Amino acid sequence: MASGAPSIASSTVSTADPVKKVTLTSYVGFDKITEQIEKKLLKRGFAFNLMVVGRTGLGKSTLVNTLFAAHLIDSSAPKKAADAVKQTTEIHSVTHGARLPYYVSVLNEAAVLTTSLFIAVLEEKGVKLKLTITDTPGYGDQVNNENCWEPIIKYIKEQYSQYLRKELTPAREKRIVDTRVHAILFFISPTGHALTPLDITVMRKLSEFANVIPVIAKADTMTMEERAAFKRRIKEEIEFHGIRAYPYVDIEDDVVLSESDRIEKQTVQMIRDMIPFAVVGSERNIVVDGKAVRGRRTRYGMINVENENHCEFVHLRNFLTRTHLQDLIETTAMVHYEAFRTKQLLALKESSAAASPGRPSVDNSQTTTTTSA
């Protein structure tokens with residue numbers, strides 16, 4: 001009887017059988033689920049957290065304002081000769097011009113860096129975007145720049161840690177506020193030579209925790225030939241030093257791709273071939289052929305920031321906002337935050353196992369999750 005009875009496992013589990021495609025005899029209506037999702041997302045809005053890293057005077061604030069077509073942040077460079085060079089001792093949250101203390105981080109007197117947060121809500125065609133811009137004034141401007149990247153990494157990891165604590169809370173919020181850094185624009189000085197040792201070190205360390213997008217600032221200071229040679233040199237150094245610049249390349253080449261997947265893969269490769277983006281920012285309008293455009297007027301001519309022959313600003317803007325905005329958010333959650341979360345939970349498990357059998361390890365786990373960031 002045992003041999004003649006059908007096996008439950010064999011009769012119910014059949015991974016080899018393909019999923020049967022059924023033709024509907026009438027309209028059901030589940031195709032409207034995309035509209036339902038869109039309606040809910042539009043009501044909720046979106047959040048994007050951008051960090052800019054680079055030396056003072058490279059036009060970080062100007063480029064951000066140009067990217068989002070609005071005056072969001074003011075330059076943090078010293079206005080007068082008597083003004084002190086800013087250092088990072090505090091992180092501030094700025095909403096509609098109000099400055100509120102948000103975070104304090106002092107590591108050592110040799111490398112202290114100030115970071116500021118600028119928060120604004122933008123709306124375009126009914127889509128609301130809560131944009132948070134994290135600036136790092138004073139980065140690389142000190143006499144001693146040793147470990148000047150540590151406050152930045154500490155801040156990034158602190159956002160992961162806060163999110164993890166909220167996730168592990170029994171009565172957690174319905175929608176956790178996402179303060180994780182989704183993208184880092186790393187500004188490279190247009191020297192025309194090579195990356196500095198500090199740039200190489202910082203980019204390599206930041207790429208372990210966030211999506212790093214290198215850009216060549218003030219690209220109009222170089223000729224087209226100098227710019228092309230500089231881009232080639234930076235690409236070689238990024239590859240040689242193992243810097244993981246976003247977007248990342250999928251290794252699964254043996255997987256059969258659909259037409260849309262092939263197009264997406266070609267787009268990613270095209271973007272990687274263009275990195276680092278050689279950009280120019282400007283909030284001023286100039287008249288070119290009777291049309292007002294954003295650009296710069298010099299004694300040698302005019303530079304239209306949206307002209308692809310002048311710079312690669314349009315490609316950066318399209319990549320950052322129109323094609324890969326959601327992917328930046330998902331990559332932060334699925335790759336960088338997931339790696340941080342796994343490391344933290346493994347450390348929590350090890351600390352619990354190391355605790356004495358008769359002693360509860362709740363307090364230890366709370367401490368580990370909070371301080372190990």
# chains A, B, ... in the order shown; residues from 1 in each chain; ligands from 1
call {"tool": "closest_atom_pairs", "arguments": {"of": "stretch 148-190 of chain A", "to": "stretch 197-221 of chain A", "cutoff": "7 Å", "atoms": "only C-alpha atoms", "output": "CSV"}}
result
residue,atom,partner,partner_atom,distance
A:Trp149,CA,A:Val202,CA,6.2
A:Ile153,CA,A:Leu206,CA,6.7
A:Val181,CA,A:Ala210,CA,6.9
A:His182,CA,A:Asn211,CA,6.6
A:Ala183,CA,A:Asn211,CA,4.9
A:Ile184,CA,A:Val212,CA,4.8
A:Leu185,CA,A:Ile213,CA,5.0
A:Phe186,CA,A:Pro214,CA,4.7
A:Phe187,CA,A:Val215,CA,5.2
A:Ile188,CA,A:Ile216,CA,4.8
A:Ser189,CA,A:Ala217,CA,5.9
A:Pro190,CA,A:Ile216,CA,6.1
call {"tool": "write_last_selection", "arguments": {"atoms": "C-alpha atoms", "output": "short mmCIF file (atom, residue, chain, number, x, y, z; two decimals), in the first residue's frame"}}
result
data_model
loop_
_atom_site.label_atom_id
_atom_site.label_comp_id
_atom_site.auth_asym_id
_atom_site.auth_seq_id
_atom_site.Cartn_x
_atom_site.Cartn_y
_atom_site.Cartn_z
CA TRP A 149 36.39 61.34 5.26
CA ILE A 153 31.14 57.83 6.47
CA VAL A 181 21.95 58.70 1.40
CA HIS A 182 20.84 57.54 -2.05
CA ALA A 183 23.59 59.11 -4.16
CA ILE A 184 26.89 60.95 -3.71
CA LEU A 185 28.07 63.42 -6.32
CA PHE A 186 31.85 63.45 -5.95
CA PHE A 187 33.39 66.60 -7.45
CA ILE A 188 36.81 66.31 -9.06
CA SER A 189 38.99 69.37 -9.61
CA PRO A 190 39.57 70.08 -13.33
#
call {"tool": "select_by_dssp", "arguments": {"residues": "stretch 115-206 of chain A", "states": "strand (DSSP E)", "output": "PyMOL selection string"}}
result
chain A and resi 115-124+127-135+183-188
call {"tool": "closest_residue", "arguments": {"among": "A:Pro137, A:Pro276, A:Gly59, A:Pro247", "to": "A:Lys231", "atoms": "only C-alpha atoms"}}
result
A:Pro276
call {"tool": "residues_around", "arguments": {"residues": "A:Val249", "least_positions_apart": "2", "cutoff": "9 Å", "atoms": "only C-alpha atoms", "output": "list of chain:residue names"}}
result
A:Tyr246, A:Pro247, A:Ile251, A:Lys265, A:Val268, A:Gln269, A:Arg272
call {"tool": "select_by_dssp", "arguments": {"residues": "stretch 237-342 of chain A", "states": "helix (DSSP H, G or I)", "output": "ChimeraX atom specification"}}
result
/A:237-240,259-274,313-323,325-342
call {"tool": "closest_residue", "arguments": {"among": "A:Ser161, A:Thr134, A:Thr34, A:Thr62", "to": "A:Lys343", "atoms": "only C-alpha atoms"}}
result
A:Ser161
call {"tool": "closest_residue", "arguments": {"among": "A:Val28, A:Ala354, A:Leu67, A:Ile152", "to": "A:Val314", "atoms": "only C-alpha atoms"}}
result
A:Leu67
call {"tool": "atom_distance", "arguments": {"atom1": "atom CA of A:Arg341", "atom2": "atom CA of A:Leu164"}}
result
6.9 Å
call {"tool": "closest_residue", "arguments": {"among": "A:Leu122, A:Lys349, A:Leu195, A:Thr332", "to": "A:Phe240", "atoms": "only C-alpha atoms"}}
result
A:Leu195
call {"tool": "atom_distance", "arguments": {"atom1": "atom CA of A:Val287", "atom2": "atom CA of A:Ile303"}}
result
10.6 Å
call {"tool": "atom_distance", "arguments": {"atom1": "atom CA of A:Gln326", "atom2": "atom CA of A:Lys130"}}
result
13.5 Å
call {"tool": "closest_residue", "arguments": {"among": "A:Arg296, A:Arg227, A:Lys128, A:His71", "to": "A:Ala194", "atoms": "only C-alpha atoms"}}
result
A:Arg227
call {"tool": "closest_atom_pairs", "arguments": {"of": "stretch 282-349 of chain A", "to": "stretch 175-179 of chain A", "cutoff": "12 Å", "atoms": "only C-alpha atoms", "output": "tab-separated table"}}
result
residue	atom	partner	partner_atom	distance
A:Ile329	CA	A:Asp178	CA	9.8
A:Glu330	CA	A:Asp178	CA	11.7
A:Thr332	CA	A:Asp178	CA	10.7
A:Ala333	CA	A:Asp178	CA	9.8
A:Tyr337	CA	A:Asp178	CA	11.4
call {"tool": "write_last_selection", "arguments": {"atoms": "N, CA, C and O atoms", "output": "short mmCIF file (atom, residue, chain, number, x, y, z; two decimals), in the first residue's frame"}}
result
data_model
loop_
_atom_site.label_atom_id
_atom_site.label_comp_id
_atom_site.auth_asym_id
_atom_site.auth_seq_id
_atom_site.Cartn_x
_atom_site.Cartn_y
_atom_site.Cartn_z
N ILE A 329 17.57 54.71 -5.41
CA ILE A 329 16.92 54.47 -4.12
C ILE A 329 16.90 52.97 -3.82
O ILE A 329 17.19 52.54 -2.69
N GLU A 330 16.56 52.15 -4.83
CA GLU A 330 16.48 50.71 -4.62
C GLU A 330 17.86 50.11 -4.37
O GLU A 330 18.00 49.20 -3.53
N THR A 332 20.41 51.55 -2.99
CA THR A 332 20.78 51.91 -1.62
C THR A 332 20.16 50.94 -0.62
O THR A 332 20.82 50.47 0.32
N ALA A 333 18.87 50.60 -0.84
CA ALA A 333 18.16 49.72 0.09
C ALA A 333 18.60 48.27 -0.04
O ALA A 333 18.82 47.58 0.96
N TYR A 337 22.44 49.20 2.15
CA TYR A 337 21.80 49.05 3.46
C TYR A 337 21.70 47.59 3.85
O TYR A 337 21.88 47.24 5.03
#
call {"tool": "residues_around", "arguments": {"residues": "A:Val288", "least_positions_apart": "6", "cutoff": "10 Å", "atoms": "only C-alpha atoms", "output": "ChimeraX atom specification"}}
result
/A:294-295,302-304
call {"tool": "write_last_selection", "arguments": {"atoms": "C-alpha atoms", "output": "short mmCIF file (atom, residue, chain, number, x, y, z; two decimals), in the first residue's frame"}}
result
data_model
loop_
_atom_site.label_atom_id
_atom_site.label_comp_id
_atom_site.auth_asym_id
_atom_site.auth_seq_id
_atom_site.Cartn_x
_atom_site.Cartn_y
_atom_site.Cartn_z
CA ARG A 294 21.15 78.76 -18.61
CA GLY A 295 24.79 79.34 -19.25
CA MET A 302 29.07 81.69 -24.45
CA ILE A 303 28.62 78.34 -22.73
CA ASN A 304 25.17 76.77 -22.77
#
